[in-house]
Structure formats: C-alpha cells, structure tokens
file final_21.cif (mmCIF, C-alpha atoms)
data_query
#
loop_
_atom_site.group_PDB
_atom_site.id
_atom_site.type_symbol
_atom_site.label_atom_id
_atom_site.label_comp_id
_atom_site.auth_asym_id
_atom_site.auth_seq_id
_atom_site.Cartn_x
_atom_site.Cartn_y
_atom_site.Cartn_z
ATOM 1 C CA MET H 103 -116.834 124.750 -19.201
ATOM 2 C CA THR H 104 -118.772 125.707 -16.087
ATOM 3 C CA PRO H 105 -119.681 122.659 -13.961
ATOM 4 C CA ALA H 106 -123.365 122.081 -13.337
ATOM 5 C CA MET H 107 -124.576 123.285 -9.961
ATOM 6 C CA THR H 108 -125.363 120.521 -7.510
ATOM 7 C CA PRO H 109 -128.799 120.296 -5.852
ATOM 8 C CA ALA H 110 -127.172 121.465 -2.592
ATOM 9 C CA ALA H 111 -125.857 124.576 -4.323
ATOM 10 C CA THR H 112 -129.200 125.431 -5.911
ATOM 11 C CA ARG H 113 -131.385 125.173 -2.809
ATOM 12 C CA GLU H 114 -132.718 128.469 -1.476
ATOM 13 C CA ILE H 115 -132.962 129.373 2.190
ATOM 14 C CA ALA H 116 -133.721 132.585 4.042
ATOM 15 C CA TYR H 117 -131.075 134.891 5.518
ATOM 16 C CA ARG H 118 -132.173 133.986 9.072
ATOM 17 C CA GLU H 119 -131.976 130.269 8.224
ATOM 18 C CA ALA H 120 -128.454 130.725 6.865
ATOM 19 C CA ILE H 121 -127.379 132.261 10.170
ATOM 20 C CA ASN H 122 -128.964 129.418 12.117
ATOM 21 C CA GLU H 123 -127.320 126.814 9.896
ATOM 22 C CA ALA H 124 -123.865 128.353 10.273
ATOM 23 C CA ILE H 125 -124.156 128.327 14.076
ATOM 24 C CA ARG H 126 -125.510 124.770 14.106
ATOM 25 C CA GLN H 127 -122.792 123.406 11.823
ATOM 26 C CA GLU H 128 -120.009 125.068 13.799
ATOM 27 C CA MET H 129 -121.420 123.744 17.076
ATOM 28 C CA GLU H 130 -121.545 120.262 15.560
ATOM 29 C CA ARG H 131 -117.986 120.582 14.256
ATOM 30 C CA ASP H 132 -116.392 121.965 17.428
ATOM 31 C CA GLU H 133 -117.639 121.183 20.935
ATOM 32 C CA THR H 134 -115.919 124.282 22.337
ATOM 33 C CA VAL H 135 -118.386 126.535 20.458
ATOM 34 C CA ILE H 136 -121.050 127.944 22.778
ATOM 35 C CA ILE H 137 -123.635 130.684 22.314
ATOM 36 C CA MET H 138 -125.185 132.984 24.874
ATOM 37 C CA GLY H 139 -127.600 135.891 24.891
ATOM 38 C CA GLU H 140 -130.945 137.254 26.013
ATOM 39 C CA GLU H 141 -133.898 135.035 25.074
ATOM 40 C CA ILE H 142 -131.943 132.977 22.545
ATOM 41 C CA ALA H 143 -133.709 129.887 23.892
ATOM 42 C CA GLY H 144 -136.635 131.661 25.482
ATOM 43 C CA GLY H 145 -137.438 129.082 28.131
ATOM 44 C CA ALA H 146 -134.743 129.510 30.762
ATOM 45 C CA GLY H 147 -136.046 128.746 34.236
ATOM 46 C CA ARG H 148 -139.328 127.307 32.953
ATOM 47 C CA GLU H 149 -138.206 123.799 32.074
ATOM 48 C CA ASP H 150 -140.585 122.420 34.726
ATOM 49 C CA LEU H 151 -143.428 123.747 32.584
ATOM 50 C CA GLY H 152 -142.131 121.958 29.531
ATOM 51 C CA ILE H 153 -140.821 125.194 28.019
ATOM 52 C CA VAL H 154 -137.335 124.733 26.620
ATOM 53 C CA ASP H 155 -137.249 126.656 23.338
ATOM 54 C CA ALA H 156 -140.056 129.192 23.246
ATOM 55 C CA TRP H 157 -139.042 130.869 20.014
ATOM 56 C CA GLY H 158 -135.283 130.864 19.381
ATOM 57 C CA GLY H 159 -134.836 134.558 20.021
ATOM 58 C CA PRO H 160 -136.871 137.481 18.740
ATOM 59 C CA PHE H 161 -135.527 136.994 15.209
ATOM 60 C CA ARG H 162 -135.593 133.174 15.317
ATOM 61 C CA THR H 163 -131.943 132.818 14.357
ATOM 62 C CA THR H 164 -131.256 130.399 17.238
ATOM 63 C CA VAL H 165 -134.398 128.294 16.977
ATOM 64 C CA GLY H 166 -133.853 124.607 17.715
ATOM 65 C CA LEU H 167 -130.298 124.943 19.003
ATOM 66 C CA ILE H 168 -131.023 124.298 22.665
ATOM 67 C CA GLN H 169 -132.807 121.017 21.885
ATOM 68 C CA GLN H 170 -129.773 119.773 19.984
ATOM 69 C CA PHE H 171 -126.955 121.099 22.170
ATOM 70 C CA GLY H 172 -128.518 121.583 25.603
ATOM 71 C CA ASN H 173 -128.472 124.441 28.079
ATOM 72 C CA GLN H 174 -124.747 124.129 28.827
ATOM 73 C CA ARG H 175 -123.883 125.298 25.310
ATOM 74 C CA VAL H 176 -126.945 127.436 24.515
ATOM 75 C CA LEU H 177 -127.195 129.871 27.401
ATOM 76 C CA ASP H 178 -130.093 132.214 28.093
ATOM 77 C CA THR H 179 -128.566 135.126 30.003
ATOM 78 C CA PRO H 180 -129.835 137.806 32.378
ATOM 79 C CA LEU H 181 -130.650 141.201 30.867
ATOM 80 C CA SER H 182 -127.150 142.554 31.440
ATOM 81 C CA GLU H 183 -125.221 143.089 28.239
ATOM 82 C CA ALA H 184 -122.064 144.122 30.076
ATOM 83 C CA ALA H 185 -122.141 140.892 32.075
ATOM 84 C CA PHE H 186 -122.714 138.323 29.334
ATOM 85 C CA ILE H 187 -120.542 140.031 26.712
ATOM 86 C CA GLY H 188 -117.771 140.134 29.308
ATOM 87 C CA ALA H 189 -118.400 136.493 30.225
ATOM 88 C CA ALA H 190 -118.203 135.459 26.562
ATOM 89 C CA ILE H 191 -114.927 137.332 26.061
ATOM 90 C CA GLY H 192 -113.484 135.792 29.211
ATOM 91 C CA ALA H 193 -114.549 132.296 28.150
ATOM 92 C CA ALA H 194 -113.005 132.842 24.712
ATOM 93 C CA SER H 195 -109.685 133.791 26.287
ATOM 94 C CA THR H 196 -109.598 130.566 28.320
ATOM 95 C CA GLY H 197 -110.239 127.998 25.604
ATOM 96 C CA MET H 198 -113.861 128.240 24.503
ATOM 97 C CA ARG H 199 -114.990 129.540 21.104
ATOM 98 C CA THR H 200 -117.833 131.846 22.047
ATOM 99 C CA ILE H 201 -120.736 133.514 20.292
ATOM 100 C CA ALA H 202 -122.653 136.233 22.128
ATOM 101 C CA GLU H 203 -125.824 137.782 20.786
ATOM 102 C CA LEU H 204 -126.307 141.480 21.511
ATOM 103 C CA MET H 205 -129.958 141.843 20.580
ATOM 104 C CA PHE H 206 -129.599 145.335 19.045
ATOM 105 C CA VAL H 207 -126.431 147.293 18.299
ATOM 106 C CA ASP H 208 -128.000 150.253 20.133
ATOM 107 C CA PHE H 209 -127.113 148.474 23.402
ATOM 108 C CA ILE H 210 -123.405 148.641 22.628
ATOM 109 C CA GLY H 211 -122.861 151.504 25.056
ATOM 110 C CA VAL H 212 -123.284 149.346 28.148
ATOM 111 C CA CYS H 213 -120.708 146.762 27.027
ATOM 112 C CA MET H 214 -118.280 148.848 24.972
ATOM 113 C CA ASP H 215 -115.603 148.668 27.667
ATOM 114 C CA GLN H 216 -115.565 144.872 27.365
ATOM 115 C CA LEU H 217 -115.073 145.108 23.600
ATOM 116 C CA LEU H 218 -112.728 148.088 23.462
ATOM 117 C CA ASN H 219 -110.432 147.354 26.398
ATOM 118 C CA ASN H 220 -110.643 143.568 26.699
ATOM 119 C CA ALA H 221 -111.616 141.725 23.518
ATOM 120 C CA ALA H 222 -109.751 144.037 21.155
ATOM 121 C CA LYS H 223 -106.545 144.276 23.212
ATOM 122 C CA MET H 224 -106.039 141.029 25.130
ATOM 123 C CA ARG H 225 -104.059 139.169 22.462
ATOM 124 C CA TYR H 226 -101.739 142.160 22.085
ATOM 125 C CA MET H 227 -101.353 142.786 25.808
ATOM 126 C CA PHE H 228 -100.425 139.142 26.470
ATOM 127 C CA GLY H 229 -97.875 139.053 23.674
ATOM 128 C CA GLY H 230 -99.894 136.735 21.468
ATOM 129 C CA GLN H 231 -100.092 134.008 24.113
ATOM 130 C CA VAL H 232 -103.876 134.389 24.395
ATOM 131 C CA LYS H 233 -106.368 133.977 21.575
ATOM 132 C CA VAL H 234 -109.833 135.536 21.761
ATOM 133 C CA PRO H 235 -112.099 133.532 19.388
ATOM 134 C CA PHE H 236 -115.179 135.584 20.217
ATOM 135 C CA THR H 237 -117.998 136.486 17.825
ATOM 136 C CA MET H 238 -120.615 139.066 18.733
ATOM 137 C CA LEU H 239 -123.852 138.879 16.735
ATOM 138 C CA THR H 240 -125.914 142.058 16.654
ATOM 139 C CA ARG H 241 -128.635 143.767 14.609
ATOM 140 C CA ILE H 242 -128.712 146.959 12.601
ATOM 141 C CA GLY H 243 -131.304 148.764 10.500
ATOM 142 C CA ALA H 244 -134.136 151.255 10.783
ATOM 143 C CA GLY H 245 -137.584 151.543 9.262
ATOM 144 C CA PHE H 246 -139.345 148.732 11.116
ATOM 145 C CA GLY H 247 -141.173 150.679 13.816
ATOM 146 C CA SER H 248 -138.564 149.665 16.364
ATOM 147 C CA ALA H 249 -138.160 153.150 17.884
ATOM 148 C CA ALA H 250 -135.039 155.088 18.776
ATOM 149 C CA GLN H 251 -133.180 152.498 20.856
ATOM 150 C CA HIS H 252 -133.613 149.610 18.414
ATOM 151 C CA SER H 253 -132.900 151.194 15.019
ATOM 152 C CA GLU H 254 -129.246 152.242 14.771
ATOM 153 C CA SER H 255 -126.551 151.083 12.349
ATOM 154 C CA PHE H 256 -123.334 151.648 14.281
ATOM 155 C CA TYR H 257 -121.127 149.307 12.267
ATOM 156 C CA SER H 258 -118.814 152.106 11.102
ATOM 157 C CA ILE H 259 -117.773 152.824 14.710
ATOM 158 C CA PHE H 260 -116.123 149.420 14.981
ATOM 159 C CA SER H 261 -113.881 150.004 11.979
ATOM 160 C CA HIS H 262 -111.979 152.489 14.160
ATOM 161 C CA ILE H 263 -111.151 149.997 16.943
ATOM 162 C CA PRO H 264 -107.843 148.193 16.361
ATOM 163 C CA GLY H 265 -108.128 144.511 17.218
ATOM 164 C CA LEU H 266 -111.767 144.089 16.195
ATOM 165 C CA LYS H 267 -113.051 142.852 12.853
ATOM 166 C CA GLY H 268 -116.503 143.704 11.556
ATOM 167 C CA VAL H 269 -118.614 142.015 8.882
ATOM 168 C CA VAL H 270 -121.931 143.050 7.351
ATOM 169 C CA PRO H 271 -123.452 140.229 5.236
ATOM 170 C CA SER H 272 -125.734 141.362 2.436
ATOM 171 C CA ASP H 273 -127.555 138.149 1.498
ATOM 172 C CA ALA H 274 -128.128 134.578 2.670
ATOM 173 C CA TYR H 275 -124.968 133.263 1.007
ATOM 174 C CA THR H 276 -122.657 135.791 2.645
ATOM 175 C CA ALA H 277 -124.585 135.487 5.922
ATOM 176 C CA LYS H 278 -123.628 131.827 6.240
ATOM 177 C CA GLY H 279 -120.116 132.121 4.854
ATOM 178 C CA LEU H 280 -119.083 135.151 6.878
ATOM 179 C CA LEU H 281 -120.555 133.777 10.101
ATOM 180 C CA THR H 282 -118.736 130.477 9.637
ATOM 181 C CA ALA H 283 -115.480 132.384 9.062
ATOM 182 C CA SER H 284 -116.164 134.643 12.054
ATOM 183 C CA ILE H 285 -116.708 131.747 14.460
ATOM 184 C CA ARG H 286 -113.528 130.033 13.265
ATOM 185 C CA ASP H 287 -111.452 133.213 13.590
ATOM 186 C CA ASP H 288 -109.066 133.325 16.547
ATOM 187 C CA ASP H 289 -109.653 137.060 16.970
ATOM 188 C CA PRO H 290 -112.831 138.921 17.981
ATOM 189 C CA VAL H 291 -115.370 139.623 15.248
ATOM 190 C CA VAL H 292 -118.514 141.755 15.348
ATOM 191 C CA TYR H 293 -121.158 140.383 12.973
ATOM 192 C CA PHE H 294 -123.934 142.777 11.953
ATOM 193 C CA GLU H 295 -127.274 141.357 10.786
ATOM 194 C CA HIS H 296 -129.607 143.741 8.975
ATOM 195 C CA LYS H 297 -133.180 143.314 10.203
ATOM 196 C CA GLY H 298 -134.574 144.005 6.752
ATOM 197 C CA LEU H 299 -132.855 140.963 5.253
ATOM 198 C CA TYR H 300 -134.096 138.145 7.525
ATOM 199 C CA GLY H 301 -136.789 136.955 5.138
ATOM 200 C CA GLU H 302 -134.739 137.354 1.961
ATOM 201 C CA ARG H 303 -133.978 134.039 0.269
ATOM 202 C CA GLY H 304 -130.958 133.038 -1.771
ATOM 203 C CA LYS H 305 -128.865 130.114 -3.006
ATOM 204 C CA VAL H 306 -126.753 128.708 -0.152
ATOM 205 C CA PRO H 307 -124.771 125.437 -0.201
ATOM 206 C CA GLU H 308 -125.469 122.947 2.572
ATOM 207 C CA GLU H 309 -121.777 122.489 3.311
ATOM 208 C CA PRO H 310 -119.925 125.103 5.397
#
call {"tool": "encode", "arguments": {"input": "final_21.cif", "output": "structure tokens"}}
result
Amino acid sequence: MTPAMTPAATREIAYREAINEAIRQEMERDETVIIMGEEIAGGAGREDLGIVDAWGGPFRTTVGLIQQFGNQRVLDTPLSEAAFIGAAIGAASTGMRTIAELMFVDFIGVCMDQLLNNAAKMRYMFGGQVKVPFTMLTRIGAGFGSAAQHSESFYSIFSHIPGLKGVVPSDAYTAKGLLTASIRDDDPVVYFEHKGLYGERGKVPEEP
C-alpha cells in the first residue's frame, strides 16, 4: 500500500524557490557554507542608504539570504569571474564549503583555468589530503532575448573534464535535491540552471 503524501510533500514551489530553499537550508545546517557572486545581494557598498538586498540576483535565487546570514557569508563580488571563482575554490580547499554563482555559463572562458587546473585537480595533486567542496551555480538556455553572450548551454563541455561533476536539474524537485547533494559533496560540482524553468512549479518536500 502506498503511504499517503504528507502536506509537506504535496506543496508546490517554483524552480527558483527550490534553489533558494536548498541554499538556505544548507547554510542553516553548516556554518562553513558561504555563497559569493555578482549582485547576489545587490546592495553591496550601499548599506548607508538602507540598501542591503536589492533583489537577490537577477534571477532572484538568492533573495533574502543576506538578511538571514549577513555579508560575511553572502558576498557580493566585483565583476571579475576569474577572481571570485578562484577565491571560492581556494576557500573550499582550506575548510569552507563554498558556492559561487557564475551569472551565465557564457562567462566560463575567463575562469576556466581556475576550474580546469585548480578545482578539478587539487585533490588528486595533493594525494587526497585536500578536499574541494565547491559548487558553481550557472545558467544555460537560449530563446529569451538574452543575446549571444548570455544564451549558451555549455554543460556538455564539463563532462570531458576529469575531477568535475555536472548536474542539470529538470524540475523543482530535482533542483532542490541535486543542489543539496552538490553543496554536501566534497568534490567540485558545476550546477546548471535552465533559465526557462525558473517559474515552473512542482511538488517539493520541505525537508532537505
């Protein structure tokens, strides 16, 4: 006999809300989890104007996080993907559990060295003595008027890089589950969010 679904299991949330919930729950569970990226809080440097969380990133997947966890764990970064992806990988190798948001996968070219030659290889090069619990969030998908440099779907490239794992969630349920698993993984994971799915709703349990 199939057990009845609980109210928590039958609630519906959007794909973007599932991503936000996974990050929030993992940050609550583990104080070493931090997240960094461009405009993920939106108010960096304007706190004196009362601006702390302007929008939670352009896709609103990080909305509300800075109010709960503060600007030491939710870090607005300069517009330098090579710098903050490298910083996140370095922090992961020294005891933090880091999430870095690369706004669009098209920008991968400027930080590929950090992923290919550092994140993917460090655990091997140090004989397993170093873990790299690093998750890179990024977006894929065309057809939204986002022009040439914001519309690629490069996820297949990463399947050819030993040492990296890639996940491509297809609905709200897998968005939360795969992101939770990615953040908890002791190896680097690239997590691809499809822009066309953000508003799609589905049944997602409240628990991780």
call {"tool": "resolve_selection", "arguments": {"input": "final_21.cif", "expression": "the PyMOL selection byres ((chain H and resi 265-280) around 7)", "output": "list in words"}}
result
Ala116, Tyr117, Ala120, Ile121, Ala124, Ala222, Lys223, Phe260, Ser261, Ile263, Pro264, Leu281, Thr282, Ala283, Ser284, Pro290, Val291, Val292, Tyr293, Phe294, Glu295, Arg303, Gly304, Lys305 and Val306 of chain H
call {"tool": "closest_residue", "arguments": {"input": "final_21.cif", "among": "H:Ala185, H:Glu140, H:Thr200, H:Leu167", "to": "Arg286 of chain H", "atoms": "all atoms listed in the file"}}
result
H:Thr200
call {"tool": "closest_residue", "arguments": {"input": "final_21.cif", "among": "H:Glu203, H:Gly188, H:Met198, H:Arg113", "to": "Glu141 of chain H", "atoms": "all atoms listed in the file"}}
result
H:Glu203
call {"tool": "closest_residue", "arguments": {"input": "final_21.cif", "among": "H:Pro180, H:Gly245, H:Gly192, H:Gly197", "to": "Asp132 of chain H", "atoms": "only C-alpha atoms"}}
result
H:Gly197
call {"tool": "residues_near_point", "arguments": {"input": "final_21.cif", "point": "(-125.7, 118.9, 16.4)", "cutoff": "7 Å", "atoms": "all atoms listed in the file", "output": "number ranges by chain"}}
result
H: 126, 129-130, 170-171
call {"tool": "closest_residue", "arguments": {"input": "final_21.cif", "among": "H:Ile210, H:Ala190, H:Met138, H:Leu217", "to": "Asp178 of chain H", "atoms": "only C-alpha atoms"}}
result
H:Met138
call {"tool": "atom_distance", "arguments": {"input": "final_21.cif", "atom1": "atom CA of Gln127 of chain H", "atom2": "atom CA of Gln231 of chain H"}}
result
27.9 Å
call {"tool": "closest_residue", "arguments": {"input": "final_21.cif", "among": "H:Ala194, H:Val165, H:Leu177, H:Ala244", "to": "Arg118 of chain H", "atoms": "only C-alpha atoms"}}
result
H:Val165
call {"tool": "resolve_selection", "arguments": {"input": "final_21.cif", "expression": "the PyMOL selection byres ((chain H and resi 213) around 10)", "output": "count of residues only"}}
result
17
call {"tool": "resolve_selection", "arguments": {"input": "final_21.cif", "expression": "the PyMOL selection byres ((chain H and resi 300) around 8)", "output": "CSV table (one decimal) with C-alpha atoms, keeping the file's coordinate frame"}}
result
chain,number,residue,atom,x,y,z
H,116,ALA,CA,-133.7,132.6,4.0
H,117,TYR,CA,-131.1,134.9,5.5
H,118,ARG,CA,-132.2,134.0,9.1
H,161,PHE,CA,-135.5,137.0,15.2
H,296,HIS,CA,-129.6,143.7,9.0
H,297,LYS,CA,-133.2,143.3,10.2
H,298,GLY,CA,-134.6,144.0,6.8
H,299,LEU,CA,-132.9,141.0,5.3
H,301,GLY,CA,-136.8,137.0,5.1
H,302,GLU,CA,-134.7,137.4,2.0
call {"tool": "atom_distance", "arguments": {"input": "final_21.cif", "atom1": "atom CA of Thr240 of chain H", "atom2": "atom CA of Tyr257 of chain H"}}
result
9.7 Å
call {"tool": "atom_distance", "arguments": {"input": "final_21.cif", "atom1": "atom CA of Asp289 of chain H", "atom2": "atom CA of Ile125 of chain H"}}
result
17.2 Å
call {"tool": "closest_residue", "arguments": {"input": "final_21.cif", "among": "H:Pro310, H:Gly158, H:Gly144, H:Pro235", "to": "Asp288 of chain H", "atoms": "all atoms listed in the file"}}
result
H:Pro235
call {"tool": "decode", "arguments": {"input": "final_21.cif", "residues": "segment 286-306 of chain H", "atoms": "N, CA, C and O atoms", "output": "tab-separated table (two decimals), in the first residue's frame"}}
result
chain	number	residue	atom	x	y	z
H	286	ARG	N	26.84	19.44	-0.46
H	286	ARG	CA	27.39	18.50	0.52
H	286	ARG	C	28.54	17.67	-0.04
H	286	ARG	O	29.27	17.03	0.72
H	287	ASP	N	28.73	17.67	-1.35
H	287	ASP	CA	29.78	16.89	-1.98
H	287	ASP	C	31.15	17.46	-1.63
H	287	ASP	O	31.34	18.67	-1.60
H	288	ASP	N	32.11	16.60	-1.39
H	288	ASP	CA	33.47	17.05	-1.07
H	288	ASP	C	34.31	17.31	-2.31
H	288	ASP	O	35.50	17.64	-2.19
H	289	ASP	N	33.73	17.14	-3.47
H	289	ASP	CA	34.42	17.44	-4.73
H	289	ASP	C	33.67	18.53	-5.48
H	289	ASP	O	32.49	18.78	-5.23
H	290	PRO	N	34.34	19.20	-6.42
H	290	PRO	CA	33.70	20.31	-7.14
H	290	PRO	C	32.57	19.85	-8.06
H	290	PRO	O	32.69	18.85	-8.75
H	291	VAL	N	31.49	20.63	-8.03
H	291	VAL	CA	30.30	20.34	-8.83
H	291	VAL	C	29.89	21.60	-9.57
H	291	VAL	O	29.88	22.70	-9.00
H	292	VAL	N	29.56	21.47	-10.84
H	292	VAL	CA	29.01	22.56	-11.63
H	292	VAL	C	27.51	22.29	-11.80
H	292	VAL	O	27.11	21.23	-12.29
H	293	TYR	N	26.70	23.24	-11.37
H	293	TYR	CA	25.25	23.09	-11.30
H	293	TYR	C	24.63	24.05	-12.31
H	293	TYR	O	24.77	25.26	-12.19
H	294	PHE	N	23.95	23.49	-13.31
H	294	PHE	CA	23.42	24.28	-14.42
H	294	PHE	C	21.92	24.50	-14.26
H	294	PHE	O	21.14	23.55	-14.24
H	295	GLU	N	21.52	25.76	-14.15
H	295	GLU	CA	20.11	26.12	-14.05
H	295	GLU	C	19.62	26.59	-15.41
H	295	GLU	O	20.24	27.45	-16.02
H	296	HIS	N	18.52	26.03	-15.88
H	296	HIS	CA	17.97	26.46	-17.17
H	296	HIS	C	17.03	27.64	-16.95
H	296	HIS	O	16.08	27.57	-16.17
H	297	LYS	N	17.31	28.73	-17.65
H	297	LYS	CA	16.55	29.97	-17.45
H	297	LYS	C	15.06	29.80	-17.73
H	297	LYS	O	14.22	30.49	-17.16
H	298	GLY	N	14.72	28.87	-18.60
H	298	GLY	CA	13.33	28.67	-18.95
H	298	GLY	C	12.50	27.96	-17.90
H	298	GLY	O	11.28	27.86	-18.01
H	299	LEU	N	13.17	27.45	-16.85
H	299	LEU	CA	12.47	26.67	-15.84
H	299	LEU	C	12.18	27.44	-14.56
H	299	LEU	O	11.48	26.92	-13.68
H	300	TYR	N	12.69	28.65	-14.39
H	300	TYR	CA	12.61	29.34	-13.11
H	300	TYR	C	11.18	29.47	-12.57
H	300	TYR	O	10.96	29.36	-11.37
H	301	GLY	N	10.24	29.70	-13.42
H	301	GLY	CA	8.86	29.88	-12.97
H	301	GLY	C	8.06	28.60	-12.87
H	301	GLY	O	6.92	28.62	-12.37
H	302	GLU	N	8.62	27.49	-13.35
H	302	GLU	CA	7.90	26.22	-13.32
H	302	GLU	C	7.72	25.73	-11.89
H	302	GLU	O	8.65	25.75	-11.10
H	303	ARG	N	6.53	25.26	-11.56
H	303	ARG	CA	6.23	24.83	-10.21
H	303	ARG	C	6.11	23.30	-10.14
H	303	ARG	O	5.73	22.66	-11.13
H	304	GLY	N	6.43	22.76	-8.98
H	304	GLY	CA	6.32	21.31	-8.82
H	304	GLY	C	6.30	20.94	-7.34
H	304	GLY	O	6.54	21.78	-6.48
H	305	LYS	N	5.98	19.69	-7.05
H	305	LYS	CA	5.92	19.19	-5.69
H	305	LYS	C	7.34	19.00	-5.14
H	305	LYS	O	8.13	18.28	-5.72
H	306	VAL	N	7.63	19.68	-4.02
H	306	VAL	CA	8.95	19.63	-3.40
H	306	VAL	C	8.78	19.52	-1.90
H	306	VAL	O	8.14	20.38	-1.29
